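**Student:** My structure is in model_22.txt, and what it holds is compact mmCIF, C-alpha atoms:
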# COMPACT_ATOMS: atom_id res chain seq x y z
CA MET A 6 9.41 15.49 4.58
CA LYS A 7 10.87 18.72 3.38
CA ASN A 8 10.34 22.29 4.56
CA LYS A 9 9.34 21.17 8.02
CA LYS A 10 7.82 23.59 10.45
CA ASN A 11 8.00 21.68 13.71
CA GLN A 12 6.92 22.39 17.28
CA ALA A 13 6.69 20.38 20.50
CA PHE A 14 3.38 18.58 21.02
CA LEU A 15 3.76 16.10 23.91
CA THR A 16 6.35 14.19 25.89
CA CYS A 17 5.51 10.50 26.22
CA LYS A 18 7.02 7.58 28.12
CA ASP A 19 7.81 4.13 26.77
CA HIS A 20 5.55 2.12 29.10
CA THR A 21 6.35 -1.26 27.52
CA VAL A 22 10.13 -1.72 27.55
CA SER A 23 12.55 1.01 28.51
CA GLY A 24 10.73 3.62 30.59
CA GLU A 25 12.50 6.28 28.51
CA GLU A 26 10.83 9.54 27.50
CA PHE A 27 10.41 10.73 23.91
CA LYS A 28 9.03 13.92 22.45
CA LEU A 29 6.27 14.10 19.88
CA VAL A 30 7.04 16.93 17.50
CA TRP A 31 4.28 18.28 15.30
CA ASN A 32 5.14 18.71 11.64
CA GLU A 33 2.62 21.45 10.87
CA GLU A 34 3.02 21.32 7.10
CA ASN A 35 2.21 17.60 6.92
CA ASP A 36 0.01 17.41 10.06
CA ILE A 37 2.03 14.44 11.34
CA LEU A 38 3.61 13.93 14.76
CA ILE A 39 7.19 12.66 14.74
CA THR A 40 8.80 10.74 17.60
CA GLN A 41 12.11 12.29 18.62
CA PRO A 42 14.73 11.14 19.10
CA GLN A 43 14.15 8.18 16.80
CA PRO A 44 16.17 5.08 17.70
CA SER A 45 18.83 4.01 15.22
CA ALA A 46 18.25 0.94 13.06
CA GLU A 47 20.61 -0.97 15.35
CA ASP A 48 18.83 0.08 18.55
CA LEU A 49 15.20 -0.15 17.40
CA PRO A 50 14.81 -3.96 17.78
CA LYS A 51 15.53 -3.84 21.52
CA TYR A 52 12.37 -1.77 22.05
CA TYR A 53 10.31 -4.73 20.81
CA GLN A 54 11.76 -7.20 23.31
CA SER A 55 8.85 -7.58 25.71
CA GLU A 56 6.29 -10.25 26.52
CA ASP A 57 3.74 -7.43 26.73
CA TYR A 58 4.27 -6.55 23.09
CA ILE A 59 1.67 -8.88 21.58
CA SER A 60 1.56 -7.65 17.99
CA HIS A 61 3.97 -10.44 17.06
CA THR A 62 2.53 -13.20 19.20
CA ASP A 63 -0.48 -15.48 19.50
CA SER A 64 -0.58 -15.03 23.27
CA THR A 65 -3.83 -15.56 25.18
CA LYS A 66 -2.36 -15.45 28.70
CA LYS A 67 -3.97 -12.23 29.95
CA LEU A 68 -7.46 -10.81 29.50
CA SER A 69 -6.08 -8.04 27.29
CA ASP A 70 -4.43 -10.71 25.12
CA LYS A 71 -7.70 -12.60 24.82
CA LEU A 72 -9.58 -9.43 23.89
CA TYR A 73 -6.91 -8.64 21.31
CA GLN A 74 -7.02 -12.12 19.78
CA GLY A 75 -10.83 -12.24 19.78
CA VAL A 76 -11.13 -8.94 17.93
CA LYS A 77 -8.26 -9.96 15.64
CA ASN A 78 -10.10 -13.07 14.50
CA LEU A 79 -13.23 -11.05 13.75
CA MET A 80 -11.23 -8.43 11.86
CA LEU A 81 -9.40 -11.03 9.74
CA GLN A 82 -12.65 -11.85 7.98
CA LYS A 83 -13.51 -8.17 7.51
CA LYS A 84 -10.05 -7.41 6.10
CA VAL A 85 -10.27 -10.21 3.54
CA LYS A 86 -13.79 -9.09 2.63
CA LEU A 87 -12.40 -5.60 2.01
CA ILE A 88 -9.64 -6.71 -0.37
CA GLU A 89 -12.06 -9.05 -2.15
CA SER A 90 -14.33 -6.06 -2.82
CA LEU A 91 -11.49 -4.19 -4.56
CA VAL A 92 -10.11 -6.84 -6.91
CA ASN A 93 -12.28 -8.44 -9.56
CA SER A 94 -9.53 -9.99 -11.67
CA SER A 95 -8.24 -13.54 -11.38
CA ASN A 96 -4.85 -12.09 -10.39
CA LYS A 97 -5.53 -11.95 -6.66
CA SER A 98 -1.99 -11.09 -5.54
CA LEU A 99 -1.39 -9.73 -2.05
CA LEU A 100 1.66 -8.43 -0.18
CA ASP A 101 1.25 -7.90 3.56
CA VAL A 102 3.95 -5.73 5.14
CA GLY A 103 4.45 -6.35 8.86
CA ALA A 104 2.66 -9.66 8.56
CA GLY A 105 3.21 -10.68 12.18
CA THR A 106 2.42 -14.34 12.72
CA GLY A 107 0.78 -14.66 9.30
CA ASP A 108 -2.90 -14.94 10.24
CA PHE A 109 -4.15 -12.40 7.70
CA LEU A 110 -2.20 -14.03 4.87
CA LYS A 111 -3.42 -17.47 5.95
CA THR A 112 -7.03 -16.26 5.83
CA ALA A 113 -6.51 -14.62 2.41
CA LYS A 114 -4.79 -17.76 1.11
CA GLN A 115 -7.87 -19.76 2.02
CA LYS A 116 -9.76 -17.42 -0.34
CA ASN A 117 -7.37 -18.26 -3.18
CA TRP A 118 -5.15 -15.21 -2.90
CA LYS A 119 -1.53 -15.53 -3.95
CA VAL A 120 0.18 -14.23 -0.83
CA ARG A 121 3.56 -12.81 0.11
CA GLY A 122 4.60 -11.25 3.39
CA VAL A 123 7.30 -9.21 5.08
CA GLU A 124 8.03 -9.50 8.81
CA PRO A 125 11.27 -8.40 10.53
CA ASN A 126 10.61 -10.29 13.78
CA ALA A 127 12.19 -13.76 13.69
CA GLN A 128 9.87 -15.23 16.31
CA ALA A 129 6.82 -14.07 14.35
CA ARG A 130 8.22 -15.51 11.11
CA ASN A 131 8.73 -18.86 12.82
CA LEU A 132 5.13 -18.88 14.05
CA ALA A 133 3.93 -18.02 10.54
CA GLN A 134 6.03 -20.84 9.12
CA GLN A 135 4.12 -23.27 11.35
CA LYS A 136 0.97 -22.05 9.57
CA GLU A 137 2.62 -22.70 6.18
CA ILE A 138 3.05 -18.97 5.53
CA ASN A 139 6.58 -18.10 4.42
CA LEU A 140 7.68 -14.56 5.22
CA VAL A 141 10.80 -12.61 4.30
CA GLU A 142 12.64 -10.41 6.76
CA GLU A 143 12.58 -7.15 4.80
CA ILE A 144 10.88 -5.69 1.76
CA SER A 145 14.16 -5.49 -0.20
CA LEU A 146 13.97 -9.30 -0.40
CA VAL A 147 10.75 -9.09 -2.41
CA ASP A 148 11.62 -9.40 -6.10
CA SER A 149 11.20 -5.97 -7.70
CA SER A 150 9.75 -7.62 -10.81
CA GLU A 151 6.93 -9.12 -8.76
CA LYS A 152 3.81 -6.96 -8.83
CA PHE A 153 0.76 -7.03 -6.58
CA GLU A 154 -2.86 -6.00 -6.86
CA VAL A 155 -3.00 -5.14 -3.16
CA ILE A 156 -0.41 -4.19 -0.53
CA THR A 157 -1.58 -4.01 3.08
CA LEU A 158 -0.09 -2.50 6.23
CA TRP A 159 -2.24 -3.18 9.29
CA HIS A 160 -0.93 -0.86 12.02
CA VAL A 161 2.53 -1.03 10.49
CA LEU A 162 3.20 2.27 8.69
CA GLU A 163 3.77 4.05 12.00
CA HIS A 164 6.65 1.64 12.75
CA ILE A 165 8.60 2.07 9.51
CA PRO A 166 11.90 4.03 9.38
CA ASP A 167 12.72 5.82 6.11
CA LEU A 168 9.00 6.39 5.66
CA GLU A 169 8.93 8.12 2.30
CA ILE A 170 11.50 5.77 0.73
CA GLN A 171 9.33 2.84 1.78
CA ILE A 172 6.18 4.41 0.32
CA GLU A 173 8.01 4.75 -3.01
CA LYS A 174 8.87 1.05 -2.75
CA PHE A 175 5.22 0.16 -2.24
CA TYR A 176 4.34 2.21 -5.31
CA SER A 177 6.88 0.33 -7.43
CA LEU A 178 5.56 -3.07 -6.28
CA LEU A 179 1.93 -2.35 -7.14
CA ASN A 180 0.31 -3.13 -10.46
CA GLU A 181 -1.22 -0.26 -12.39
CA ASN A 182 -4.29 0.92 -10.47
CA GLY A 183 -3.31 -1.33 -7.56
CA TYR A 184 -4.42 -0.62 -4.00
CA LEU A 185 -2.45 0.29 -0.89
CA ILE A 186 -4.41 -0.31 2.31
CA ILE A 187 -3.14 1.29 5.51
CA ALA A 188 -4.51 1.11 9.06
CA VAL A 189 -3.07 3.57 11.60
CA PRO A 190 -4.12 5.29 14.85
CA ASN A 191 -5.55 8.80 14.71
CA PHE A 192 -4.05 11.31 17.15
CA LYS A 193 -7.07 13.61 16.69
CA SER A 194 -9.52 11.10 18.16
CA TYR A 195 -11.38 11.70 21.42
CA ASP A 196 -9.49 8.96 23.28
CA ALA A 197 -6.14 10.41 22.15
CA ASN A 198 -7.15 13.83 23.45
CA TYR A 199 -8.50 12.34 26.68
CA TYR A 200 -5.42 10.31 27.60
CA LYS A 201 -2.85 12.69 26.11
CA GLU A 202 0.69 11.48 26.99
CA PHE A 203 -0.76 8.23 28.36
CA TRP A 204 -2.54 7.34 25.10
CA ALA A 205 -1.33 3.81 24.37
CA ALA A 206 -1.43 4.27 20.60
CA TYR A 207 1.50 6.70 20.77
CA ASP A 208 3.56 3.64 21.80
CA VAL A 209 6.90 5.44 21.64
CA PRO A 210 9.48 4.76 20.33
CA ARG A 211 8.07 1.83 18.35
CA HIS A 212 5.67 4.24 16.67
CA LEU A 213 7.92 6.66 14.83
CA TRP A 214 5.08 8.57 13.11
CA HIS A 215 1.60 9.55 14.25
CA PHE A 216 -1.03 10.41 11.66
CA SER A 217 -4.16 12.50 11.34
CA LYS A 218 -6.65 11.91 8.54
CA GLU A 219 -5.47 15.04 6.76
CA GLY A 220 -1.82 14.19 7.32
CA ILE A 221 -1.84 10.71 5.84
CA GLU A 222 -3.89 11.78 2.83
CA ARG A 223 -1.47 14.64 2.17
CA LEU A 224 1.55 12.38 2.55
CA MET A 225 0.23 9.71 0.21
CA LYS A 226 -0.94 12.23 -2.39
CA ASN A 227 2.65 13.48 -2.59
CA HIS A 228 3.57 9.93 -3.62
CA HIS A 229 0.82 9.62 -6.25
CA PHE A 230 -1.72 7.69 -4.22
CA GLN A 231 -5.34 8.82 -4.33
CA LEU A 232 -7.56 8.22 -1.30
CA GLN A 233 -10.57 6.08 -2.23
CA LYS A 234 -12.26 5.52 1.13
CA THR A 235 -11.75 5.79 4.87
CA LEU A 236 -13.19 3.20 7.25
CA PRO A 237 -13.38 3.31 11.08
CA LEU A 238 -11.84 0.71 13.36
CA ILE A 239 -14.36 0.92 16.18
CA PHE A 240 -12.80 -1.75 18.41
CA ASP A 241 -9.51 0.12 18.66
CA SER A 242 -10.85 2.79 21.00
CA TYR A 243 -11.76 0.16 23.60
CA TYR A 244 -8.50 -1.77 23.45
CA VAL A 245 -6.36 1.38 23.38
CA SER A 246 -8.35 2.88 26.26
CA LEU A 247 -7.82 -0.28 28.31
CA LEU A 248 -4.04 -0.02 27.89
CA SER A 249 -4.11 3.75 28.40
CA GLU A 250 -5.93 3.37 31.73
CA LYS A 251 -3.19 1.01 32.92
CA TYR A 252 -0.48 3.48 31.86
CA LYS A 253 -2.28 6.39 33.51
CA THR A 254 -3.46 4.82 36.77
CA GLY A 255 -1.53 1.55 37.11
CA LYS A 256 -4.83 -0.36 37.00
CA SER A 257 -6.87 -1.86 34.16
CA ASN A 258 -10.12 0.00 35.03
CA PHE A 259 -12.24 -1.94 32.55
CA ILE A 260 -15.41 0.08 33.17
CA LYS A 261 -13.68 3.44 32.76
CA ALA A 262 -11.86 2.22 29.63
CA PHE A 263 -15.14 1.04 28.13
CA GLN A 264 -16.76 4.40 28.89
CA VAL A 265 -13.94 6.34 27.22
CA GLY A 266 -13.89 3.99 24.23
CA LEU A 267 -17.64 4.25 23.81
CA LYS A 268 -17.61 8.04 24.10
CA SER A 269 -14.82 8.18 21.50
CA ASN A 270 -16.88 6.16 19.02
CA LEU A 271 -20.08 8.11 19.71
CA GLN A 272 -18.31 11.44 19.24
CA ALA A 273 -16.67 10.16 16.06
CA LYS A 274 -20.11 9.63 14.52
CA SER A 275 -20.24 13.41 14.08
CA THR A 276 -16.54 14.30 13.87
CA ASN A 277 -15.39 11.23 11.85
CA GLU A 278 -12.29 11.17 14.08
CA TYR A 279 -12.17 7.54 15.21
CA SER A 280 -9.37 6.07 17.33
CA SER A 281 -7.99 4.35 14.22
CA HIS A 282 -8.90 4.27 10.54
CA ILE A 283 -8.35 2.09 7.52
CA TYR A 284 -7.35 4.10 4.44
CA VAL A 285 -7.74 2.66 0.95
CA PHE A 286 -5.42 4.34 -1.54
CA LYS A 287 -5.22 3.71 -5.27
CA LYS A 288 -2.04 3.99 -7.30
CA GLN A 289 -2.26 6.82 -9.81
What's the C-alpha cells form of this structure?
**Tutor:**
Amino acid sequence: MKNKKNQAFLTCKDHTVSGEEFKLVWNEENDILITQPQPSAEDLPKYYQSEDYISHTDSTKKLSDKLYQGVKNLMLQKKVKLIESLVNSSNKSLLDVGAGTGDFLKTAKQKNWKVRGVEPNAQARNLAQQKEINLVEEISLVDSSEKFEVITLWHVLEHIPDLEIQIEKFYSLLNENGYLIIAVPNFKSYDANYYKEFWAAYDVPRHLWHFSKEGIERLMKNHHFQLQKTLPLIFDSYYVSLLSEKYKTGKSNFIKAFQVGLKSNLQAKSTNEYSSHIYVFKKQ
C-alpha cells in the first residue's frame, strides 16, 4: 500500500493469548486499519497457541463453541450454494485458503467439486486429513499451472502477511473470469463502534488488516478484481458481540450481547454496514 497517510485509530489488547497491546492505524487512502506492530513471520504462530482460538478446531466444549459450530454447519450449506450459483461449467475447481479443519471443502466435494486447500496450522491439517481432505501448508505449494474457477477465503484475508503479494498470487491461480470470494469483518458496523477497543473482531495481532466495504473494494480493484456482489453475514454480530461482552466486562452477558447483535443487524438494514460481509469479486 503506497502513499500511505496514516493516523492512530484505536489501541486494542490481545485478549486470547498474550495480553499485549497493539495499535490500529488508519490508512486513510485505502480506508483500511493496520495492526501495528505486526508480529514477524517467526513470532506470529505463537499468537495462535490457545484452546480458546477455535477457528482451527472442532471443539464443542463451551457454549460459545457450540454456537460457533452450529452456525458453521448452517453456513457451510449456504457457502456451497453460493459457489454453485457462480459456476455453470463442468470444471468445478475450488481452492480454499485458510481451510481450517476442511469442513467447507468436504461439503463442496460432496457436490462434485474438485477441491484443494491451504492451511498453515498442523493440527487443523491433521483433522482435515481424518475427513479425507488433504491440505498443503502454504499457497506456494499449490502448483502455479493449476487454475481454479473459485478461490475462497472465509475470514482469512485479515490474517495474511504480505497482503498485496498474496492477492496477486490469487489472481494468477484463477481461470479467466474466475471468482475470488472473501469474507471479512467490517470495522464500520454498529457493533464495532459500540465495543470499540473491546470489539472481538479486531482480534489483534492475529488480524493484521481490518476492512471497510469501501476499503476492500478499492484494494481489490487495484489488483484487477471487480466487485460483483456483497452479502451480509448476519450471525457474526451475535457471536462477535458475545465475545466482546466477555472482553469488556469479564462476563458472557448473553442477553446484552444478543441485544447489541440484533441492533447491529437492524441498523445495517438501512446503512448496509453489517458486522461482516461476503464479497464476490471477479477476475478482470
**Student:** Counting all atoms listed in the file, which of A:Glu151, A:Val120, A:Ser280, A:Asp108 gets nearest to Ala133 of chain A?
**Tutor:**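 Looking only at the distances to Ala133 of chain A, the closest residue turns out to be A:Asp108.
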**Student:** Segment 144-149 of chain A: which residues within 8 Å, counting all atoms listed in the file, same-chain residues fewer than 3 positions away excluded, as a list in words?
**Tutor:**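 Skipping anything fewer than 3 positions along the chain leaves Val102, Val123, Val141, Lys152, Ser177 and Leu178 of chain A.
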**Student:** Sorted by chain and rising residue number, list the residues of segment 166-241 of chain A at most 12 Å from segment 256-263 of chain A (counting all atoms listed in the file), each with its closest atom pair and distance in Å to one decimal, as JSON lines.
**Tutor:**
{"residue": "A:Asp196", "atom": "CA", "partner": "A:Ala262", "partner_atom": "CA", "distance": 9.6}
{"residue": "A:Tyr199", "atom": "CA", "partner": "A:Ala262", "partner_atom": "CA", "distance": 11.1}
{"residue": "A:Tyr200", "atom": "CA", "partner": "A:Ala262", "partner_atom": "CA", "distance": 10.5}
{"residue": "A:Trp204", "atom": "CA", "partner": "A:Ala262", "partner_atom": "CA", "distance": 11.6}
{"residue": "A:Ala205", "atom": "CA", "partner": "A:Ala262", "partner_atom": "CA", "distance": 11.9}
{"residue": "A:Ile239", "atom": "CA", "partner": "A:Phe263", "partner_atom": "CA", "distance": 12.0}
{"residue": "A:Phe240", "atom": "CA", "partner": "A:Phe263", "partner_atom": "CA", "distance": 10.4}
{"residue": "A:Asp241", "atom": "CA", "partner": "A:Phe263", "partner_atom": "CA", "distance": 11.1}
**Student:** Can you tell me how far atom CA of Pro237 of chain A sits from atom CA of Glu278 of chain A, in Å to one decimal?
**Tutor:**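 These two atoms are separated by 8.5 Å.
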**Student:** Between A:Gly183, A:Pro190, A:Pro166, A:Gly122, which is the closest to Leu91 of chain A once you count all atoms listed in the file?
**Tutor:**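 The closest residue to Leu91 of chain A is A:Gly183.
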**Student:** Just want the 8 Å neighbourhood of Lys18 of chain A, counted on only C-alpha atoms, with same-chain residues fewer than 3 positions away dropped. Output as a PDB file with C-alpha atoms, in the frame of the given file.
**Tutor:**
ATOM      1  CA  GLY A  24      10.730   3.620  30.590  1.00  0.00           C
ATOM      2  CA  GLU A  25      12.500   6.280  28.510  1.00  0.00           C
ATOM      3  CA  GLU A  26      10.830   9.540  27.500  1.00  0.00           C
ATOM      4  CA  PHE A  27      10.410  10.730  23.910  1.00  0.00           C
ATOM      5  CA  GLU A 202       0.690  11.480  26.990  1.00  0.00           C
ATOM      6  CA  PHE A 203      -0.760   8.230  28.360  1.00  0.00           C
ATOM      7  CA  VAL A 209       6.900   5.440  21.640  1.00  0.00           C
TER       8      VAL A 209
END
**Student:** Just give me the gap between atom CA of Gln41 of chain A and atom CA of Ala13 of chain A in Å, one decimal is fine.
**Tutor:** 9.9 Å
**Student:** For atom CA of Asn277 of chain A and atom CA of Lys234 of chain A, determine how far apart the two atoms are, in Å to one decimal place.
**Tutor:**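 Straight-line distance from atom CA of Asn277 of chain A to atom CA of Lys234 of chain A works out to 12.5 Å.
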**Student:** For a cutoff of 9 Å around the file-coordinate point (5.7, -15.3, 2.6), which residues qualify once you count only C-alpha atoms? I'd like the result as a PDB file with C-alpha atoms, in the frame of the given file.
**Tutor:**
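Written file, point.pdb:
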ATOM      1  CA  LEU A 100       1.660  -8.430  -0.180  1.00  0.00           C
ATOM      2  CA  ASP A 101       1.250  -7.900   3.560  1.00  0.00           C
ATOM      3  CA  ALA A 104       2.660  -9.660   8.560  1.00  0.00           C
ATOM      4  CA  GLY A 107       0.780 -14.660   9.300  1.00  0.00           C
ATOM      5  CA  LEU A 110      -2.200 -14.030   4.870  1.00  0.00           C
ATOM      6  CA  VAL A 120       0.180 -14.230  -0.830  1.00  0.00           C
ATOM      7  CA  ARG A 121       3.560 -12.810   0.110  1.00  0.00           C
ATOM      8  CA  GLY A 122       4.600 -11.250   3.390  1.00  0.00           C
ATOM      9  CA  VAL A 123       7.300  -9.210   5.080  1.00  0.00           C
ATOM     10  CA  GLU A 124       8.030  -9.500   8.810  1.00  0.00           C
ATOM     11  CA  ARG A 130       8.220 -15.510  11.110  1.00  0.00           C
ATOM     12  CA  ALA A 133       3.930 -18.020  10.540  1.00  0.00           C
ATOM     13  CA  GLN A 134       6.030 -20.840   9.120  1.00  0.00           C
ATOM     14  CA  GLU A 137       2.620 -22.700   6.180  1.00  0.00           C
ATOM     15  CA  ILE A 138       3.050 -18.970   5.530  1.00  0.00           C
ATOM     16  CA  ASN A 139       6.580 -18.100   4.420  1.00  0.00           C
ATOM     17  CA  LEU A 140       7.680 -14.560   5.220  1.00  0.00           C
ATOM     18  CA  VAL A 141      10.800 -12.610   4.300  1.00  0.00           C
TER      19      VAL A 141
END
**Student:** Nearest residue to Trp118 of chain A out of A:Val85, A:Ile165, A:Ile186, A:Leu132, using only C-alpha atoms?
**Tutor:**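 Answer, going by the shortest atom-to-atom distance: A:Val85.
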**Student:** Which is closer to Leu81 of chain A than all the others in A:Gln115, A:Asn182, A:Gln43, A:Ser98, using all atoms listed in the file?
**Tutor:** A:Gln115
